[in-house]
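Have a look at data.txt below; it lists compact mmCIF, C-alpha atoms and all ligand atoms.
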```txt
# COMPACT_ATOMS: atom_id res chain seq x y z
CA MET G 22 22.39 229.18 -60.57
CA LEU G 23 19.73 231.28 -62.19
CA PRO G 24 20.70 234.92 -62.76
CA LEU G 25 18.43 237.20 -60.74
CA LEU G 26 17.46 240.78 -61.27
CA ILE G 27 18.06 242.24 -57.82
CA PRO G 28 15.60 245.04 -56.97
CA ILE G 29 18.41 247.30 -55.75
CA VAL G 30 19.54 247.62 -59.35
CA HIS G 31 16.53 249.82 -59.98
CA LYS G 32 17.70 252.14 -57.27
CA CYS G 33 21.36 252.05 -58.24
CA LEU G 34 20.75 252.63 -61.90
CA HIS G 35 17.71 254.82 -61.65
CA PRO G 36 18.90 257.11 -64.49
CA ILE G 37 18.98 254.24 -66.92
CA LYS G 38 15.42 253.33 -66.03
CA TYR G 39 14.50 256.99 -66.29
CA ILE G 40 15.85 257.27 -69.80
CA LYS G 41 14.22 254.07 -70.88
CA MET G 42 10.76 254.88 -69.59
CA ARG G 43 10.60 258.60 -70.37
CA PRO G 44 12.73 259.09 -73.46
CA LEU G 45 11.30 262.49 -74.37
CA LEU G 46 12.50 263.96 -71.09
CA LEU G 47 16.07 263.16 -72.06
CA LEU G 48 16.02 265.82 -74.73
CA PRO G 49 16.19 268.92 -72.52
CA LEU G 50 19.06 267.37 -70.58
CA LEU G 51 21.19 267.36 -73.69
CA PHE G 52 21.02 271.14 -73.75
CA VAL G 53 21.95 271.74 -70.14
CA PRO G 54 24.95 274.11 -70.35
CA SER G 55 28.13 272.32 -69.36
CA TRP G 56 28.81 274.72 -66.46
CA ALA G 57 25.61 273.55 -64.87
CA VAL G 58 26.62 269.90 -64.52
CA ASP G 59 28.53 269.21 -61.32
CA PRO G 60 31.02 266.39 -62.10
CA THR G 61 30.79 265.17 -58.49
CA ASN G 62 27.03 265.07 -58.20
CA CYS G 63 25.58 261.71 -59.08
CA ALA G 64 22.49 262.26 -56.95
CA THR G 65 20.49 263.90 -59.73
CA SER G 66 18.43 262.45 -62.56
CA ASN G 67 21.03 263.50 -65.12
CA LYS G 68 23.74 260.85 -65.00
CA GLN G 69 25.51 262.08 -68.11
CA LEU G 70 28.46 264.21 -66.97
CA THR G 71 30.45 266.75 -68.96
CA PRO G 72 33.41 264.86 -70.48
CA SER G 73 35.67 267.93 -70.70
CA ASP G 74 35.68 268.14 -66.88
CA PHE G 75 37.68 264.90 -66.77
CA LEU G 76 41.25 265.79 -67.77
CA LEU G 77 44.47 263.83 -67.96
CA GLU G 78 47.78 265.44 -68.85
CA THR G 79 50.55 263.44 -70.56
CA GLN G 80 53.77 263.82 -68.58
CA PRO G 81 57.21 263.87 -70.27
CA ASP G 82 59.01 260.56 -70.78
CA ASN G 83 61.35 259.54 -67.97
CA PRO G 84 64.89 260.06 -69.39
CA ASN G 85 66.35 257.48 -66.99
CA VAL G 86 64.75 254.67 -69.00
CA ALA G 87 67.12 255.38 -71.93
CA SER G 88 70.26 255.47 -69.78
CA LEU G 89 69.32 252.31 -67.88
CA SER G 90 68.32 250.63 -71.14
CA ALA G 91 71.84 251.30 -72.47
CA ILE G 92 73.37 249.79 -69.33
CA PHE G 93 71.34 246.56 -69.62
CA ALA G 94 71.73 246.36 -73.42
CA ALA G 95 75.53 246.56 -73.06
CA GLN G 96 75.38 243.44 -70.85
CA ASN G 97 72.94 241.60 -73.12
CA LYS G 98 70.36 241.86 -70.34
CA LYS G 99 67.77 243.89 -72.21
CA LEU G 100 65.13 241.41 -73.37
CA THR G 101 61.72 241.29 -75.04
CA ILE G 102 58.41 240.00 -73.70
CA SER G 103 58.67 236.92 -75.94
CA GLN G 104 62.10 236.20 -74.45
CA LEU G 105 60.64 236.51 -70.95
CA LEU G 106 57.88 234.09 -72.04
CA GLU G 107 60.52 231.63 -73.23
CA ASP G 108 61.95 231.66 -69.70
CA VAL G 109 58.80 230.72 -67.75
CA ASN G 110 59.26 229.03 -64.36
CA HIS G 111 55.74 228.42 -63.03
CA ARG G 112 52.53 226.94 -64.35
CA LEU G 113 48.77 227.40 -64.03
CA THR G 114 46.57 224.35 -63.78
CA THR G 115 42.90 224.09 -64.74
CA ASP G 116 40.33 222.99 -62.16
CA SER G 117 37.04 221.16 -62.74
CA SER G 118 35.21 224.47 -63.31
CA GLY G 119 37.67 225.44 -66.01
CA HIS G 120 39.24 228.12 -63.80
CA LYS G 121 42.99 228.63 -64.07
CA VAL G 122 44.67 228.02 -60.70
CA TRP G 123 48.02 229.58 -59.74
CA GLU G 124 50.98 227.33 -58.94
CA ASP G 125 50.56 225.72 -55.55
CA THR G 126 53.29 223.44 -54.23
CA PRO G 127 54.64 222.82 -50.70
CA SER G 128 57.51 225.24 -51.36
CA PHE G 129 55.78 227.85 -53.53
CA SER G 130 52.18 229.03 -53.61
CA ASP G 131 50.84 231.90 -55.66
CA GLN G 132 47.41 230.42 -54.91
CA ASP G 133 47.66 230.97 -51.16
CA THR G 134 50.23 233.70 -50.57
CA THR G 135 49.00 236.65 -48.50
CA LYS G 136 51.97 238.77 -49.54
CA TRP G 137 50.66 239.46 -53.05
CA MET G 138 47.08 239.97 -54.26
CA PRO G 139 46.11 239.72 -57.95
CA GLN G 140 44.20 242.78 -59.17
CA GLY G 141 44.48 243.64 -62.85
CA ILE G 142 44.19 241.57 -66.02
CA SER G 143 44.79 242.17 -69.72
CA SER G 144 45.96 240.05 -72.63
CA SER G 145 47.75 239.99 -75.96
CA ALA G 146 44.29 240.54 -77.48
CA ASP G 147 44.38 244.02 -75.93
CA ALA G 148 48.00 244.50 -76.99
CA LEU G 149 47.39 244.03 -80.71
CA ASP G 150 44.25 243.54 -82.76
CA VAL G 151 45.64 240.30 -84.23
CA GLY G 152 45.42 238.85 -80.69
CA THR G 153 49.04 237.76 -80.30
CA TYR G 154 52.14 239.75 -79.36
CA GLN G 155 55.56 238.71 -80.67
CA GLY G 156 53.90 235.44 -81.60
CA LYS G 157 52.60 234.82 -78.07
CA ASN G 158 49.03 234.31 -76.94
CA ALA G 159 49.35 235.63 -73.41
CA TRP G 160 47.66 237.01 -70.32
CA VAL G 161 49.19 239.61 -68.06
CA VAL G 162 48.09 240.00 -64.43
CA SER G 163 49.10 242.68 -61.89
CA TRP G 164 49.49 241.99 -58.15
CA HIS G 165 49.84 244.55 -55.39
CA ARG G 166 51.98 243.70 -52.39
CA GLU G 167 50.05 243.55 -49.10
CA ASP G 168 51.46 246.96 -48.05
CA ASP G 169 50.71 248.54 -51.47
CA LYS G 170 54.40 249.48 -51.73
CA SER G 171 55.30 247.29 -54.70
CA VAL G 172 53.73 245.77 -57.83
CA ARG G 173 54.58 242.63 -59.75
CA VAL G 174 53.14 241.52 -63.07
CA THR G 175 52.77 237.99 -64.42
CA PHE G 176 53.01 237.02 -68.06
CA VAL G 177 51.23 233.73 -68.85
CA ASP G 178 52.06 231.91 -72.09
CA ARG G 179 48.73 230.34 -73.05
CA GLY G 180 50.40 228.67 -76.04
CA ASN G 181 52.81 226.81 -73.76
CA GLY G 182 50.63 225.05 -71.20
CA ASP G 183 49.82 228.26 -69.28
CA ARG G 184 53.40 228.55 -68.03
CA TYR G 185 54.22 231.87 -66.43
CA ARG G 186 56.86 234.16 -64.98
CA HIS G 187 56.58 237.17 -62.66
CA ALA G 188 58.42 240.46 -63.22
CA LEU G 189 58.68 243.47 -60.93
CA LEU G 190 57.50 246.91 -62.07
CA VAL G 191 60.06 249.61 -61.30
CA TYR G 192 60.36 253.39 -61.33
CA PRO G 193 63.73 254.64 -62.69
CA HIS G 194 64.49 257.48 -60.23
CA ALA G 195 68.12 258.00 -61.33
CA ALA G 196 70.13 257.64 -64.52
CA ASP G 197 71.47 254.32 -63.24
CA ASP G 198 68.95 253.19 -60.63
CA PHE G 199 65.32 252.21 -60.03
CA ARG G 200 63.01 251.43 -57.15
CA GLU G 201 59.67 249.75 -56.41
CA VAL G 202 56.36 251.17 -57.60
CA PRO G 203 54.18 251.88 -54.54
CA ILE G 204 50.66 251.63 -55.95
CA HIS G 205 47.60 249.35 -55.72
CA ALA G 206 47.59 248.47 -59.46
CA GLY G 207 43.85 247.73 -59.45
CA GLY G 208 43.64 247.49 -63.23
CA ILE G 209 45.90 247.16 -66.26
CA VAL G 210 45.76 247.39 -70.05
CA TRP G 211 48.36 245.95 -72.42
CA TYR G 212 48.39 248.24 -75.47
CA GLY G 213 51.12 247.61 -78.04
CA ASP G 214 54.45 247.98 -76.27
CA ILE G 215 52.88 249.74 -73.29
CA LEU G 216 51.33 248.46 -70.08
CA PHE G 217 48.92 250.99 -68.54
CA VAL G 218 48.49 250.63 -64.77
CA VAL G 219 46.03 252.68 -62.71
CA ASP G 220 47.40 254.79 -59.85
CA THR G 221 44.35 255.30 -57.63
CA SER G 222 44.18 259.05 -56.99
CA LYS G 223 46.86 260.26 -59.41
CA GLY G 224 46.05 258.89 -62.87
CA ILE G 225 47.54 256.23 -65.11
CA ARG G 226 51.15 255.03 -65.28
CA ALA G 227 52.67 253.59 -68.47
CA PHE G 228 55.36 250.89 -68.45
CA ASP G 229 57.67 250.16 -71.37
CA LEU G 230 57.45 246.53 -72.54
CA THR G 231 60.36 247.02 -74.97
CA ASN G 232 62.56 247.26 -71.87
CA VAL G 233 62.57 244.01 -69.93
CA TRP G 234 65.76 244.07 -67.87
CA GLN G 235 67.36 240.97 -66.39
CA VAL G 236 68.73 241.40 -62.86
CA GLY G 237 70.42 239.22 -60.24
CA THR G 238 68.08 236.98 -58.24
CA THR G 239 70.07 236.90 -55.01
CA GLY G 240 69.13 239.67 -52.59
CA GLU G 241 65.95 241.32 -51.42
CA GLY G 242 66.89 244.85 -52.49
CA VAL G 243 65.43 246.64 -55.50
CA GLY G 244 67.81 248.64 -57.69
CA LYS G 245 71.60 248.96 -57.65
CA ASP G 246 73.07 246.38 -55.32
CA GLY G 247 76.35 248.08 -54.37
CA SER G 248 78.57 245.73 -56.36
CA GLY G 249 77.80 247.01 -59.84
CA GLY G 250 74.75 244.81 -60.35
CA TYR G 251 71.00 245.11 -59.89
CA THR G 252 68.39 243.10 -58.01
CA ALA G 253 64.60 243.15 -57.73
CA ALA G 254 63.49 241.39 -54.54
CA GLY G 255 64.45 238.02 -56.01
CA TYR G 256 62.62 238.54 -59.32
CA LYS G 257 64.70 237.95 -62.45
CA TYR G 258 63.12 240.65 -64.61
CA VAL G 259 62.00 244.25 -64.15
CA ILE G 260 59.89 246.49 -66.39
CA PRO G 261 60.31 250.29 -66.07
CA GLN G 262 57.78 253.10 -66.00
CA ILE G 263 58.31 255.32 -69.06
CA ARG G 264 55.67 258.04 -68.47
CA TRP G 265 52.37 258.80 -66.79
CA PHE G 266 49.09 260.56 -67.36
CA LYS G 267 48.25 262.94 -64.55
CA TRP G 268 44.78 263.70 -63.20
CA THR G 269 44.91 267.52 -63.31
CA PRO G 270 41.54 268.82 -62.04
CA THR G 271 42.09 270.29 -58.57
CA SER G 272 38.46 271.01 -57.82
CA PHE G 273 37.44 267.38 -57.47
CA PRO G 274 39.05 263.92 -57.21
CA PHE G 275 38.52 260.86 -59.36
CA ARG G 276 39.39 257.31 -58.34
CA PHE G 277 41.36 255.30 -60.90
CA SER G 278 40.28 251.92 -59.53
CA PHE G 279 40.18 249.75 -62.67
CA ILE G 280 40.76 250.12 -66.40
CA ALA G 281 40.03 248.39 -69.71
CA LEU G 282 40.65 248.83 -73.41
CA ASP G 283 37.84 249.18 -75.93
CA ARG G 284 39.04 248.41 -79.47
CA THR G 285 35.49 248.71 -80.86
CA THR G 286 35.38 252.53 -80.54
CA THR G 287 37.01 254.93 -83.01
CA PRO G 288 39.61 255.76 -81.93
CA ASP G 289 40.45 253.00 -79.44
CA SER G 290 39.67 254.12 -75.89
CA LEU G 291 40.35 253.44 -72.23
CA VAL G 292 37.47 253.13 -69.80
CA VAL G 293 38.31 253.80 -66.15
CA GLY G 294 35.91 253.22 -63.26
CA GLU G 295 35.64 254.00 -59.56
CA TYR G 296 35.36 251.52 -56.72
CA GLN G 297 33.26 252.77 -53.80
CA PRO G 298 31.90 250.74 -50.87
CA ASN G 299 28.58 252.58 -51.20
CA THR G 300 27.00 255.22 -53.41
CA THR G 301 27.39 258.12 -50.97
CA ALA G 302 30.35 259.24 -53.08
CA PRO G 303 29.99 259.56 -56.88
CA VAL G 304 30.61 256.26 -58.71
CA ARG G 305 31.56 257.02 -62.29
CA PHE G 306 32.91 255.60 -65.53
CA VAL G 307 35.05 257.80 -67.77
CA ARG G 308 36.27 257.08 -71.30
CA TRP G 309 39.45 258.64 -72.72
CA PRO G 310 40.55 258.37 -76.39
CA LEU G 311 43.83 256.72 -77.38
CA ASP G 312 46.30 257.34 -80.18
CA TYR G 313 47.33 253.94 -81.51
CA THR G 314 50.31 255.43 -83.38
CA THR G 315 51.98 256.63 -80.15
CA ARG G 316 50.27 254.30 -77.64
CA LYS G 317 49.52 257.43 -75.61
CA LEU G 318 46.27 259.17 -74.79
CA LYS G 319 45.08 261.24 -77.73
CA ALA G 320 46.02 264.79 -76.72
CA GLY G 321 44.16 267.97 -77.63
CA PRO G 322 45.54 271.14 -79.28
CA ASP G 323 48.13 271.80 -76.53
CA GLY G 324 49.73 268.43 -77.27
CA LYS G 325 49.37 267.13 -73.72
CA THR G 326 45.84 267.51 -72.33
CA THR G 327 43.29 264.79 -73.02
CA GLN G 328 39.62 265.42 -72.40
CA ALA G 329 37.38 262.47 -71.75
CA SER G 330 35.00 261.55 -74.54
CA TRP G 331 32.30 260.31 -72.12
CA ALA G 332 31.65 260.40 -68.39
CA TYR G 333 28.71 258.81 -66.57
CA CYS G 334 27.36 258.20 -63.09
CA VAL G 335 26.95 254.44 -62.84
CA GLY G 336 26.03 254.15 -59.18
CA ILE G 337 26.81 250.47 -58.53
CA GLU G 338 28.61 249.88 -55.24
CA ARG G 339 31.70 247.65 -54.90
CA MET G 340 32.52 247.60 -58.61
CA GLN G 341 35.92 246.03 -59.22
CA GLY G 342 36.19 246.09 -62.98
CA THR G 343 34.53 246.96 -66.23
CA VAL G 344 35.12 246.51 -69.92
CA SER G 345 33.10 247.76 -72.88
CA ALA G 346 32.93 246.29 -76.37
CA ASN G 347 30.46 246.76 -79.22
CA GLY G 348 28.41 249.22 -77.16
CA LYS G 349 27.93 246.86 -74.21
CA PHE G 350 29.43 247.07 -70.74
CA TYR G 351 30.44 244.20 -68.48
CA ILE G 352 30.80 245.18 -64.80
CA SER G 353 32.22 243.01 -62.02
CA ARG G 354 31.20 243.46 -58.40
CA SER G 355 32.68 241.87 -55.29
CA ASN G 356 30.54 240.93 -52.30
CA GLY G 357 33.22 240.41 -49.67
CA LYS G 358 35.40 237.48 -48.69
CA ASN G 359 32.59 234.99 -48.23
CA SER G 360 30.17 235.63 -51.07
CA ALA G 361 30.24 234.99 -54.78
CA GLY G 362 30.84 237.95 -57.06
CA ASP G 363 28.48 239.43 -59.64
CA LEU G 364 28.75 240.39 -63.29
CA PHE G 365 26.39 243.06 -64.62
CA GLY G 366 25.54 243.30 -68.30
CA TRP G 367 24.65 246.86 -69.28
CA THR G 368 23.62 248.35 -72.58
CA PRO G 369 23.52 252.12 -72.03
CA GLY G 370 19.93 253.26 -72.41
CA SER G 371 18.62 250.10 -70.73
CA LEU G 372 18.59 248.71 -67.23
CA ALA G 373 21.73 246.96 -66.10
CA TYR G 374 21.14 243.26 -65.46
CA ASN G 375 22.84 241.51 -62.57
CA ASN G 376 24.14 238.04 -63.38
CA ALA G 377 24.28 237.43 -59.61
CA GLY G 378 26.89 234.95 -58.43
CA PHE G 379 28.46 234.76 -61.88
CA TYR G 380 31.95 234.66 -60.36
CA PRO G 381 33.56 233.05 -57.32
CA ARG G 382 34.29 235.47 -54.46
CA GLY G 383 36.58 238.39 -55.13
CA PRO G 384 36.36 239.19 -58.87
CA GLU G 385 38.51 242.15 -59.90
CA ASP G 386 39.51 243.88 -63.16
CA LEU G 387 37.96 242.76 -66.50
CA SER G 388 39.34 242.42 -70.02
CA PHE G 389 37.73 241.61 -73.39
CA ASP G 390 39.02 239.38 -76.20
CA LYS G 391 37.11 239.33 -79.50
CA ARG G 392 38.50 235.91 -80.45
CA ASN G 393 36.57 232.64 -80.02
CA GLY G 394 33.20 234.35 -80.19
CA GLY G 395 34.19 236.97 -77.60
CA ARG G 396 35.62 236.27 -74.16
CA ILE G 397 35.61 238.13 -70.84
CA TYR G 398 38.59 237.64 -68.52
CA THR G 399 38.85 238.39 -64.80
CA VAL G 400 41.07 237.51 -61.85
CA THR G 401 39.79 236.69 -58.37
CA GLU G 402 41.89 237.88 -55.48
CA TYR G 403 41.43 235.90 -52.27
CA PRO G 404 44.02 233.34 -51.12
CA GLY G 405 42.75 229.83 -51.79
CA ALA G 406 40.14 231.08 -54.31
CA ARG G 407 42.43 232.82 -56.71
CA TYR G 408 41.80 232.22 -60.39
CA ILE G 409 42.04 233.54 -63.91
CA ILE G 410 38.52 233.10 -65.31
CA ASP G 411 37.78 232.99 -69.03
CA LYS G 412 34.06 233.15 -69.92
CA PRO G 413 32.23 233.48 -73.25
CA VAL G 414 30.37 236.76 -73.67
CA SER G 415 27.35 234.65 -74.61
CA SER G 416 27.10 233.53 -70.97
CA VAL G 417 26.42 237.13 -69.85
CA ARG G 418 22.80 238.24 -69.78
CA PHE G 419 21.84 241.84 -70.42
CA SER G 420 18.13 241.61 -69.61
C1 LIG G 501 30.04 255.03 -47.34
O1 LIG G 501 31.42 254.83 -47.53
C2 LIG G 501 32.24 255.78 -46.92
C3 LIG G 501 33.66 255.48 -47.31
O2 LIG G 501 33.84 255.78 -48.64
C4 LIG G 501 32.05 255.76 -45.41
O3 LIG G 501 32.83 256.76 -44.80
C5 LIG G 501 30.58 255.97 -45.09
O4 LIG G 501 30.38 255.80 -43.72
C6 LIG G 501 29.70 255.00 -45.86
N1 LIG G 501 28.31 255.33 -45.68
C7 LIG G 501 27.37 254.44 -45.43
C8 LIG G 501 25.98 254.97 -45.33
O5 LIG G 501 27.62 253.26 -45.28
```

For the structure just supplied, provide its representation as structure tokens.
Amino acid sequence: MLPLLIPIVHKCLHPIKYIKMRPLLLLPLLFVPSWAVDPTNCATSNKQLTPSDFLLETQPDNPNVASLSAIFAAQNKKLTISQLLEDVNHRLTTDSSGHKVWEDTPSFSDQDTTKWMPQGISSSADALDVGTYQGKNAWVVSWHREDDKSVRVTFVDRGNGDRYRHALLVYPHAADDFREVPIHAGGIVWYGDILFVVDTSKGIRAFDLTNVWQVGTTGEGVGKDGSGGYTAAGYKYVIPQIRWFKWTPTSFPFRFSFIALDRTTTPDSLVVGEYQPNTTAPVRFVRWPLDYTTRKLKAGPDGKTTQASWAYCVGIERMQGTVSANGKFYISRSNGKNSAGDLFGWTPGSLAYNNAGFYPRGPEDLSFDKRNGGRIYTVTEYPGARYIIDKPVSSVRFS
């Protein structure tokens, strides 16, 4: 199918066109005092927002992770991600389009289940610049439960025939207990030993990949099981939340819909975007700087507040994911249950280009991998059309 430039793009991304065609007029905008830019108003010609309006505050580490870690370590049930990946129990297959298909057998179907929906994707190429983590070349995918009251993540060992294993994310609410994590998990980033997961209206949660705890697989409960053991809704492994980054502005909300890592900025950064069904509400991207030595957001002078380094009105409806690398943005858009999804290529300063129908229906979060000439990963969410998709960046048009 030939990529088409849909006319609505001109409307949606009017500011980009504006900048391109009338570059001199951009100059005065740079000197607009910051107090004059309303962070919620995307209906003006100035799409560049004031980054310092977009604040996240690093919350203290959860002390219950250490006490629970000691409990599991004492029983030899504290494992690593590579150990989890050596205990895989399911397998992806590859269809004729090259898409990875979830396990689908008469007794078990991740491909068709309506209980869990895949949302976020990241990989060992995000985790570490070398591209592998503990020797593993892996994907990680997040799934929200249909009621948004629990999240599971899937680690896929690409070096072992795409075999995979699910684990449940948990929140340690007591020194010796944990419970489910009731969020949508629309995007994830694997960064060193941390898994960042977006929490729609509240900010970003961080899970500790050095703590993979093995629990009993009999029983539907999550947490202490009353007989001295632990369970996690039948899953064999759990991964605990260690901290979170709180959206602190009270004067306006921001939607943490999807997230990606950019290793090509200095320092590394996270880009978070907003899903909106239409452009009545502001539809923005925000970039926050990371500290690779702590795997936390890079805090300012108070040691806990992180100002964004960039914030922008993008104005594309139904965005489900973005990732930036080398100054270029890739933006996925869903078009409902029955229509193929789109992938926009956008170089800031130019018009975004819609590679219409680039994806099957239901594309979600995006992730970048610099290896093999540059790859873009996504997951599609609908039962029966649920894939991990790995495409070369060279297949994405920008104009
Ligand atoms: C835009 O989306 C909002 C929900 O975010 C909805 O309430 C509103 O009716 C929509 N407007 C139009 C014009 O479709």

query = Would you name the residues within 8 Å of ligand LIG 501 (chain G), counting all atoms listed in the file, and put them as a VMD selection string?
reply = chain G and resid 297 to 302

Just write the chosen residues, C-alpha atoms, as a compact mmCIF listing (two decimals), in the frame of the given file.
```txt
# COMPACT_ATOMS: atom_id res chain seq x y z
CA GLN G 297 33.26 252.77 -53.80
CA PRO G 298 31.90 250.74 -50.87
CA ASN G 299 28.58 252.58 -51.20
CA THR G 300 27.00 255.22 -53.41
CA THR G 301 27.39 258.12 -50.97
CA ALA G 302 30.35 259.24 -53.08
```

key: Residue with smallest distance to Gln328 (chain G) - pool G:Asp74, G:Asp59, G:Asp246, G:Asp390, counting all atoms listed in the file   =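 The shortest atom-to-atom distance to Gln328 (chain G) comes from G:Asp74.
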
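Residue nearest Tyr313 (chain G), chosen from G:Pro288, G:Gly405, G:Gly362, G:Gly294 and counting only C-alpha atoms: G:Pro288.
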
Counting all atoms listed in the file, which residues of region 92-144 of chain G fall within 12 Å of region 249-255 of chain G, and what is the closest atom pair for each with its distance in Å at one decimal, ordered by chain and rising number, as CSV?
```
residue,atom,partner,partner_atom,distance
G:Ile92,CA,G:Gly250,CA,10.4
G:Phe93,CA,G:Tyr251,CA,9.8
G:Gln96,CA,G:Gly250,CA,10.6
G:Lys98,CA,G:Tyr251,CA,11.0
```

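Among the candidates G:Gly182, G:Val233, G:Ser143, G:Met138, the one nearest to Gln104 (chain G) when counting only C-alpha atoms is G:Val233.
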
Please rebuild region 237-249 of chain G with N, CA, C and O atoms and give the result as a PDB file, in the coordinates of the input.
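Result file out-v2.pdb:
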```
ATOM      1  N   GLY G 237      70.018 240.334 -61.092  1.00  0.00           N
ATOM      2  CA  GLY G 237      70.420 239.220 -60.240  1.00  0.00           C
ATOM      3  C   GLY G 237      69.275 238.787 -59.352  1.00  0.00           C
ATOM      4  O   GLY G 237      68.442 239.603 -58.946  1.00  0.00           O
ATOM      5  N   THR G 238      69.215 237.478 -59.028  1.00  0.00           N
ATOM      6  CA  THR G 238      68.080 236.980 -58.240  1.00  0.00           C
ATOM      7  C   THR G 238      68.446 236.741 -56.777  1.00  0.00           C
ATOM      8  O   THR G 238      67.613 236.273 -55.995  1.00  0.00           O
ATOM      9  N   THR G 239      69.675 237.053 -56.408  1.00  0.00           N
ATOM     10  CA  THR G 239      70.070 236.900 -55.010  1.00  0.00           C
ATOM     11  C   THR G 239      70.037 238.257 -54.336  1.00  0.00           C
ATOM     12  O   THR G 239      70.731 239.177 -54.767  1.00  0.00           O
ATOM     13  N   GLY G 240      69.223 238.387 -53.300  1.00  0.00           N
ATOM     14  CA  GLY G 240      69.130 239.670 -52.590  1.00  0.00           C
ATOM     15  C   GLY G 240      67.735 240.212 -52.646  1.00  0.00           C
ATOM     16  O   GLY G 240      67.055 240.097 -53.659  1.00  0.00           O
ATOM     17  N   GLU G 241      67.323 240.811 -51.546  1.00  0.00           N
ATOM     18  CA  GLU G 241      65.950 241.320 -51.420  1.00  0.00           C
ATOM     19  C   GLU G 241      65.819 242.771 -51.863  1.00  0.00           C
ATOM     20  O   GLU G 241      64.722 243.305 -51.940  1.00  0.00           O
ATOM     21  N   GLY G 242      66.940 243.443 -52.106  1.00  0.00           N
ATOM     22  CA  GLY G 242      66.890 244.850 -52.490  1.00  0.00           C
ATOM     23  C   GLY G 242      66.293 245.040 -53.872  1.00  0.00           C
ATOM     24  O   GLY G 242      66.160 244.091 -54.656  1.00  0.00           O
ATOM     25  N   VAL G 243      65.937 246.290 -54.169  1.00  0.00           N
ATOM     26  CA  VAL G 243      65.430 246.640 -55.500  1.00  0.00           C
ATOM     27  C   VAL G 243      66.250 247.812 -56.011  1.00  0.00           C
ATOM     28  O   VAL G 243      66.270 248.879 -55.389  1.00  0.00           O
ATOM     29  N   GLY G 244      66.966 247.588 -57.121  1.00  0.00           N
ATOM     30  CA  GLY G 244      67.810 248.640 -57.690  1.00  0.00           C
ATOM     31  C   GLY G 244      69.265 248.222 -57.666  1.00  0.00           C
ATOM     32  O   GLY G 244      69.587 247.030 -57.631  1.00  0.00           O
ATOM     33  N   LYS G 245      70.148 249.226 -57.682  1.00  0.00           N
ATOM     34  CA  LYS G 245      71.600 248.960 -57.650  1.00  0.00           C
ATOM     35  C   LYS G 245      71.960 248.226 -56.372  1.00  0.00           C
ATOM     36  O   LYS G 245      71.496 248.591 -55.294  1.00  0.00           O
ATOM     37  N   ASP G 246      72.806 247.216 -56.500  1.00  0.00           N
ATOM     38  CA  ASP G 246      73.070 246.380 -55.320  1.00  0.00           C
ATOM     39  C   ASP G 246      74.401 246.681 -54.620  1.00  0.00           C
ATOM     40  O   ASP G 246      74.782 245.978 -53.694  1.00  0.00           O
ATOM     41  N   GLY G 247      75.113 247.713 -55.066  1.00  0.00           N
ATOM     42  CA  GLY G 247      76.350 248.080 -54.370  1.00  0.00           C
ATOM     43  C   GLY G 247      77.590 247.385 -54.912  1.00  0.00           C
ATOM     44  O   GLY G 247      78.704 247.746 -54.563  1.00  0.00           O
ATOM     45  N   SER G 248      77.397 246.390 -55.767  1.00  0.00           N
ATOM     46  CA  SER G 248      78.570 245.730 -56.360  1.00  0.00           C
ATOM     47  C   SER G 248      78.486 245.772 -57.880  1.00  0.00           C
ATOM     48  O   SER G 248      78.950 244.877 -58.568  1.00  0.00           O
ATOM     49  N   GLY G 249      77.848 246.820 -58.387  1.00  0.00           N
ATOM     50  CA  GLY G 249      77.800 247.010 -59.840  1.00  0.00           C
ATOM     51  C   GLY G 249      76.649 246.306 -60.527  1.00  0.00           C
ATOM     52  O   GLY G 249      76.438 246.470 -61.721  1.00  0.00           O
TER      53      GLY G 249
END
```
